[in-house]
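The next block holds one structure in the form of C-alpha cells; read it before the comments.
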Amino acid sequence: MTLAIRSICYATVCASRCARPLFTLAVVAILWSHAAAAVAPTSEEMAEARQWAAAHLEPGSAAEAAPSFFSFSYDGKPAAEVMKAWEFKQASRELDDQRTERTLTWTDPKTGLEVRCVAVEYADFPVIEWTVYLRNAGKGDTPILEKIQAIDGRWERADGGEFVLRGIKGDSCTPDSYEPYETALGPNAVQEFAANGGRPTNGSFPYYNLTMPGGGLIVVVGWPGQWAARFARDGAKGIQIVAGQQLTHLRLRPGEEIRTPLMALLFWKGADAVRAQNLWRRWMLAHSSPHPGGQPVRPMYSFCSGGFFPGLMVSEASEKLFLDTLAKKNIHLDYWWMDAGWYPCAPEGWPKTGTWEVDSSRFPNGIRAVSDYVHAKGTKLIVWFEPERVTGGSWLATHHPDWLLGGVLLNLGNPSARQWLTDHVDKLITEQGIDLYRQDFNMDPLGYWRGADAEDRQGVTENLHVQGYLAYWDELLRRHPGMLIDSCASGGRRNDLETLRRAVPLLRSDYQSFSGDSRFATGNQGHTYGLSSWIPFYGQGVYDNPQMEYYARSHMCPSFAMCVDVRRGNIDWVRYRRLVDQWRKMADCFLGDFYPLTPYSLSEGRWIAWQFDSPQRGEGIVQAFRRAESPYSSIHVKLHGLEPDAVYTVTNFDVEGTTEVAGRELLEQGITIDLKGRPDSAVIQYRKKP
C-alpha cells in the first residue's frame, strides 16, 4: 500500500483495481455532512442554552407558577395545575468555575409532598441538566403520584426542513449493536423507545440527536433502569418530548423519596450533526466521565487469561504463569484483568454467584498474592464482581433470602443489604489489593422489581434499587478515591449517563469470538462506528487468530486487550508486540473528535472508515477496512478537523517512511487508501509539524 494525495471528482465512485496509491473511496457519500471547523461551542449555542435556563430555572421565570419542562399526575390532577397553589423556593450556588446549580422547590402545604428540581447550567458548553426529587415530608402516605416524567416539553422548528431523529441501537450482543438510525418526523409522527428488561442500554439507547432547520437538540436520559421516551409531532411545527421511568403509580410513605432520571440537553446550531456529536463527546469527557485522582481517564491496555480455563476458574499458579510469560516476551500491561470465577463456584463455574469470598483452594494466599505480583511488575489489577445476581446455595441465598427479590436479585433499595455489600466489597478491595472494580449484571431485573410492588406502589422498588445502586458506587468511590469502576452488564447493557459518570465500559459488548471469522470483525467495526458518536471511552478485547492484524484493528479502542493462551508454543510474539505498539501509538487519538468517513454498513462487500482527530495533540488517525467480499481495491476520503495552513507528517502503519502534506490538501483533496487483501485494513496516522 502506498500514499498519494490527489484531487478526484467526489461525486463518483472509485473502483480502481490497478493503480495502488497509498490512500481510494469505493463509496464517497458521507452519512452526515461536516466541515473542518474547530469543535467548540459558538456564542449562538451558548445563548440558546442561557435563554432556556432563564425561561425555566431562574427567578421570575415561569417555574415560579409551575414547572413546564417536567410533569406528573397528583391525586388524578396534572402537576402543573395543582402546584400553582404550592409554596415555592429557589436557590442557586456555584459548584465550580464552569457549573451553576439551581434548585427549585415546591411544597404542598396540605400533604407535605416536596418536589425538588436540581438543575446544573454549564458555562463552557451549551448544556443544561436536571433531576427531579419527590419526597414525602408529611405524616401520612401521599395521594397517588403517577406518570412522573423527567422531561415533558415542546419545541418548535423553523421553516425549511423537518425534524429528524438520530440515534443508535443499544447492545444486544449482535453485529448490529449500536447501529445508527435516522428517522424523519413529519406531521403527527410518533417515535417511542424503551429499555429492555430494566437494563438501560439493552437493545435501546437513551441518547438522541433531534435535528431541525438551523440546528438541533441532543436529549439524553440517564436512568439505570426501565426508562421510556416519546417524540410526538403535532400537525404544525411542534414536537413534544416526554421521557422518564416507564411505570410510576404510587404512594410515598412518610420520609420516603424517589427521583426521576437525570436529563441532559445540549443545544447546537447549524447543519453539521457530526460537529454536534463531537460537542457532546467533549462535554462527556470534561464533565460526565470519571476523573480518577482528578485527572481524565487514560487509555489502557490489559490482558485476561480467564477465557482459556473452563468456567473461567483460574488460579494463583495460572495467573503467575501468564504474567511471567508476558513479562519475558516484553509485553507491558496497564491492567491485569481477573474476570469472573475467583470465588467458590465449582463445579458450575463463574455463573454461580452470591458467595463473595476468595476460593482458597485455587488462591491459597488470596487474590493478594496475585495483586502483589501484578503491582511488582508496574501493573494494576482489575477484579470482576456481580453482586446483584444471586444463585441458590450461595452465602447470600442461604443467610439473607430476605434481601433478595424473587430469590435471585439482591435488592439494593434495601438499606441493610446495601450497607452489607458496601462494607464487604470495600474490605475485599482493600485487603486483596484491587485497583479497578469491575461490576457485571447478567440478568434482567424488571420482572423482579415489578413483582415486588403493590398496586399502589408501582415503580417504587425499581426507583429505590436504582438509587441504591448509584449510592453504592458513590460510597465505594468515596472510600477509594482514584479507583475506576467498570460498568459491564452482559457487555454494554447498562451504560446510561448516570452510570457513565461513575464508571467506564471496558467491554462494550459480549460480541466476541475465539475464531477468525471476519464477520465478528465486521460487527465490531460497526460497534466502533456507532458508539463513538456518543461514548468517548469504552473497551473491547480480541482473541488470537490467523487474521490477527485485521481482527485486532477492528476491535481497537480506548481500552483494549489481545488475549492469547501463552501455554501454546506457536504464538507469533513479534506480531503481537507490533500490534500492541500500534495500539499505543493510536490510543490517545481515540479520545479526540470522531468523524465517520463512509456510510455505516455491515455488508461484507463494502468498506468502512472513520477518523479520530485530537486537535489538542495535533494528531489523529484514519482506520479503514476492506471487507472479505469487497470488489473495490481502494477508497478515497477527505479528512476533517485539521488546520489548513499546517503541515502534517502522514504515516501508514504498514508502509515504511512518511509523507509531508499540507492540512488544506488533506481537507480538500483527501487521501486514497489502497488495499490488496480481502479482508484487509489500514491505519494512517498524521501529526502536525511544529
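Naming scheme: A, B, ... for chains in displayed order of the C-alpha cells; residues 1 onward per chain; ligands 1 onward as shown.
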
With 12 Å as the cut-off and only C-alpha atoms counted, what is the closest atom pair between each nearby residue of stretch 211-320 of chain A and stretch 510-531 of chain A? Distances in Å to one decimal, ordered by chain and number, as CSV.
```
residue,atom,partner,partner_atom,distance
A:Val274,CA,A:Gly530,CA,11.9
A:Gln277,CA,A:Leu531,CA,10.9
A:Arg281,CA,A:Leu531,CA,10.8
A:Gly307,CA,A:Phe514,CA,9.3
A:Phe308,CA,A:Phe514,CA,10.0
```

All alpha helix (DSSP H) residues (DSSP, backbone) inside stretch 425-561 of chain A, as a ChimeraX atom specification: /A:425-432,446-451,460-479,497-500,518-531,548-555

Strand (DSSP E or B) per DSSP on the backbone: members of stretch 128-180 of chain A, as a list of chain:residue names: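 Restricting stretch 128-180 of chain A to strand (DSSP E or B) produces A:Ile128, A:Glu129, A:Trp130, A:Thr131, A:Val132, A:Tyr133, A:Leu134, A:Arg135, A:Asn136, A:Leu145, A:Glu146, A:Lys147, A:Ile148, A:Gln149, A:Ile151, A:Asp152, A:Gly153, A:Arg154, A:Trp155, A:Glu156, A:Phe163, A:Val164, A:Leu165, A:Arg166, A:Gly167, A:Ile168, A:Asp171, A:Pro180.
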
Output N, CA, C and O atoms for every residue in the selection just made, as a short mmCIF file (atom, residue, chain, number, x, y, z; two decimals), in the first residue's frame.
```
data_model
loop_
_atom_site.label_atom_id
_atom_site.label_comp_id
_atom_site.auth_asym_id
_atom_site.auth_seq_id
_atom_site.Cartn_x
_atom_site.Cartn_y
_atom_site.Cartn_z
N ILE A 128 -27.68 21.97 29.63
CA ILE A 128 -28.49 22.07 30.84
C ILE A 128 -28.85 20.65 31.26
O ILE A 128 -29.21 19.82 30.42
N GLU A 129 -28.77 20.37 32.55
CA GLU A 129 -29.19 19.06 33.05
C GLU A 129 -30.04 19.24 34.30
O GLU A 129 -29.95 20.28 34.97
N TRP A 130 -30.86 18.24 34.62
CA TRP A 130 -31.63 18.32 35.85
C TRP A 130 -32.13 16.94 36.28
O TRP A 130 -32.23 16.02 35.48
N THR A 131 -32.41 16.85 37.57
CA THR A 131 -33.05 15.69 38.17
C THR A 131 -34.13 16.19 39.10
O THR A 131 -33.92 17.18 39.81
N VAL A 132 -35.27 15.52 39.13
CA VAL A 132 -36.37 15.91 40.00
C VAL A 132 -36.50 14.88 41.12
O VAL A 132 -36.51 13.67 40.86
N TYR A 133 -36.62 15.37 42.35
CA TYR A 133 -36.78 14.51 43.54
C TYR A 133 -38.16 14.77 44.14
O TYR A 133 -38.59 15.93 44.25
N LEU A 134 -38.84 13.71 44.54
CA LEU A 134 -40.16 13.83 45.19
C LEU A 134 -40.06 13.16 46.55
O LEU A 134 -39.82 11.95 46.65
N ARG A 135 -40.25 13.96 47.60
CA ARG A 135 -40.09 13.46 48.98
C ARG A 135 -41.35 13.73 49.78
O ARG A 135 -41.94 14.83 49.71
N ASN A 136 -41.76 12.75 50.54
CA ASN A 136 -42.91 12.90 51.42
C ASN A 136 -42.43 13.41 52.78
O ASN A 136 -41.87 12.66 53.58
N LEU A 145 -49.18 9.35 43.11
CA LEU A 145 -48.31 10.01 42.13
C LEU A 145 -48.18 9.06 40.94
O LEU A 145 -47.89 7.87 41.13
N GLU A 146 -48.36 9.55 39.74
CA GLU A 146 -48.22 8.67 38.58
C GLU A 146 -47.76 9.44 37.36
O GLU A 146 -47.77 10.67 37.33
N LYS A 147 -47.34 8.68 36.36
CA LYS A 147 -46.88 9.24 35.09
C LYS A 147 -45.84 10.34 35.33
O LYS A 147 -45.89 11.42 34.73
N ILE A 148 -44.86 10.03 36.18
CA ILE A 148 -43.82 11.01 36.52
C ILE A 148 -42.82 11.06 35.36
O ILE A 148 -42.15 10.08 35.07
N GLN A 149 -42.73 12.21 34.72
CA GLN A 149 -41.88 12.37 33.54
C GLN A 149 -40.75 13.35 33.85
O GLN A 149 -40.99 14.49 34.27
N ILE A 151 -38.79 14.72 31.72
CA ILE A 151 -38.91 15.80 30.74
C ILE A 151 -40.27 15.69 30.07
O ILE A 151 -40.74 14.60 29.74
N ASP A 152 -40.91 16.82 29.92
CA ASP A 152 -42.18 16.91 29.21
C ASP A 152 -42.25 18.32 28.66
O ASP A 152 -42.74 19.24 29.31
N GLY A 153 -41.69 18.50 27.46
CA GLY A 153 -41.56 19.84 26.91
C GLY A 153 -41.78 19.86 25.41
O GLY A 153 -41.65 18.85 24.73
N ARG A 154 -42.09 21.05 24.92
CA ARG A 154 -42.38 21.23 23.49
C ARG A 154 -41.33 22.12 22.85
O ARG A 154 -40.90 23.11 23.42
N TRP A 155 -40.91 21.72 21.66
CA TRP A 155 -40.01 22.51 20.84
C TRP A 155 -40.66 22.74 19.47
O TRP A 155 -41.42 21.88 18.99
N GLU A 156 -40.33 23.87 18.88
CA GLU A 156 -40.91 24.20 17.58
C GLU A 156 -39.78 24.46 16.59
O GLU A 156 -38.78 25.11 16.92
N PHE A 163 -38.10 17.88 11.35
CA PHE A 163 -37.38 17.23 12.44
C PHE A 163 -36.84 15.88 11.95
O PHE A 163 -37.55 15.13 11.27
N VAL A 164 -35.60 15.58 12.32
CA VAL A 164 -35.02 14.26 12.05
C VAL A 164 -34.42 13.76 13.35
O VAL A 164 -33.61 14.46 13.99
N LEU A 165 -34.81 12.57 13.75
CA LEU A 165 -34.31 11.98 15.00
C LEU A 165 -33.19 11.01 14.67
O LEU A 165 -33.36 10.08 13.89
N ARG A 166 -32.04 11.22 15.30
CA ARG A 166 -30.87 10.39 15.06
C ARG A 166 -30.45 9.74 16.37
O ARG A 166 -30.51 10.34 17.45
N GLY A 167 -30.00 8.50 16.27
CA GLY A 167 -29.52 7.79 17.44
C GLY A 167 -28.92 6.47 17.03
O GLY A 167 -28.62 6.24 15.85
N ILE A 168 -28.73 5.57 17.98
CA ILE A 168 -28.19 4.24 17.70
C ILE A 168 -28.97 3.21 18.51
O ILE A 168 -29.61 3.53 19.51
N ASP A 171 -27.00 -2.31 22.97
CA ASP A 171 -26.24 -3.55 22.82
C ASP A 171 -27.17 -4.76 22.94
O ASP A 171 -28.03 -4.80 23.82
N PRO A 180 -26.45 2.88 13.76
CA PRO A 180 -27.08 4.20 13.70
C PRO A 180 -28.41 4.16 12.94
O PRO A 180 -28.63 3.32 12.07
#
```

A:Gly407, A:Pro187, A:Gly235, A:Gly492 ranked by distance to A:Cys173, top pick (using only C-alpha atoms):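 For A:Cys173, the nearest of the given residues is A:Gly492.
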
Residues within 12 Å of A:Arg617, only C-alpha atoms, excluding chain neighbours under 6 positions, as a PyMOL selection string: chain A and resi 586+588-593+642+686-690

Atom-to-atom span, atom CA of A:Ala369 and atom CA of A:Tyr335, Å: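 Computed distance, atom CA of A:Ala369 to atom CA of A:Tyr335, equals 15.6 Å.
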
Which of A:Arg253, A:Lys169, A:His480, A:Lys320 sits closest to A:Pro143 [using only C-alpha atoms]: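 That would be A:Arg253, the residue with the smallest distance to A:Pro143.
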
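You will find atom CA of A:Thr651 at 16.0 Å from atom CA of A:Lys638.
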
Residue contacts of A:Gly459 (10 Å, only C-alpha atoms) excluding same-chain residues fewer than 4 positions away, as a count of residues only: 18

Contacts of stretch 683-685 of chain A at 9 Å (only C-alpha atoms; same-chain gap of 2+ positions) as a ChimeraX atom specification: /A:23,553,582,585-586,619-624,649-654,673,681,687

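Residues with any atom within 9 Å of A:Ile144, counting only C-alpha atoms and excluding same-chain neighbours fewer than 5 positions away, are Ser73, Tyr74, Asp75, Gly76, His249, Leu250, Arg251, Leu252, Asp456 and Arg457 of chain A.
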
If you keep N, CA and C atoms, can you produce a file of those selected residues as a tab-separated table (two decimals), in the first residue's frame?
```
chain	number	residue	atom	x	y	z
A	73	SER	N	-48.77	13.38	37.54
A	73	SER	CA	-50.16	13.49	37.97
A	73	SER	C	-50.20	13.26	39.47
A	74	TYR	N	-50.96	14.10	40.18
A	74	TYR	CA	-51.04	14.01	41.64
A	74	TYR	C	-52.50	13.96	42.06
A	75	ASP	N	-52.87	12.83	42.63
A	75	ASP	CA	-54.26	12.62	43.03
A	75	ASP	C	-55.21	12.83	41.86
A	76	GLY	N	-54.75	12.38	40.68
A	76	GLY	CA	-55.59	12.44	39.49
A	76	GLY	C	-55.57	13.77	38.77
A	249	HIS	N	-46.87	4.61	39.49
A	249	HIS	CA	-48.24	4.75	40.03
A	249	HIS	C	-48.13	4.34	41.49
A	250	LEU	N	-47.95	5.35	42.36
A	250	LEU	CA	-47.50	5.00	43.71
A	250	LEU	C	-47.88	6.06	44.73
A	251	ARG	N	-47.90	5.60	45.97
A	251	ARG	CA	-47.97	6.49	47.13
A	251	ARG	C	-46.60	6.49	47.80
A	252	LEU	N	-46.18	7.67	48.25
A	252	LEU	CA	-44.94	7.75	49.01
A	252	LEU	C	-45.26	7.70	50.50
A	456	ASP	N	-50.64	0.01	44.62
A	456	ASP	CA	-50.45	1.45	44.82
A	456	ASP	C	-48.99	1.82	45.08
A	457	ARG	N	-48.07	0.93	44.65
A	457	ARG	CA	-46.63	1.20	44.84
A	457	ARG	C	-45.84	0.86	43.58
```

A:Val566, A:Met443, A:Ala276, A:Ile429 ranked by distance to A:Trp534, top pick (using only C-alpha atoms):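 Of all the options, A:Ala276 lies closest to A:Trp534.
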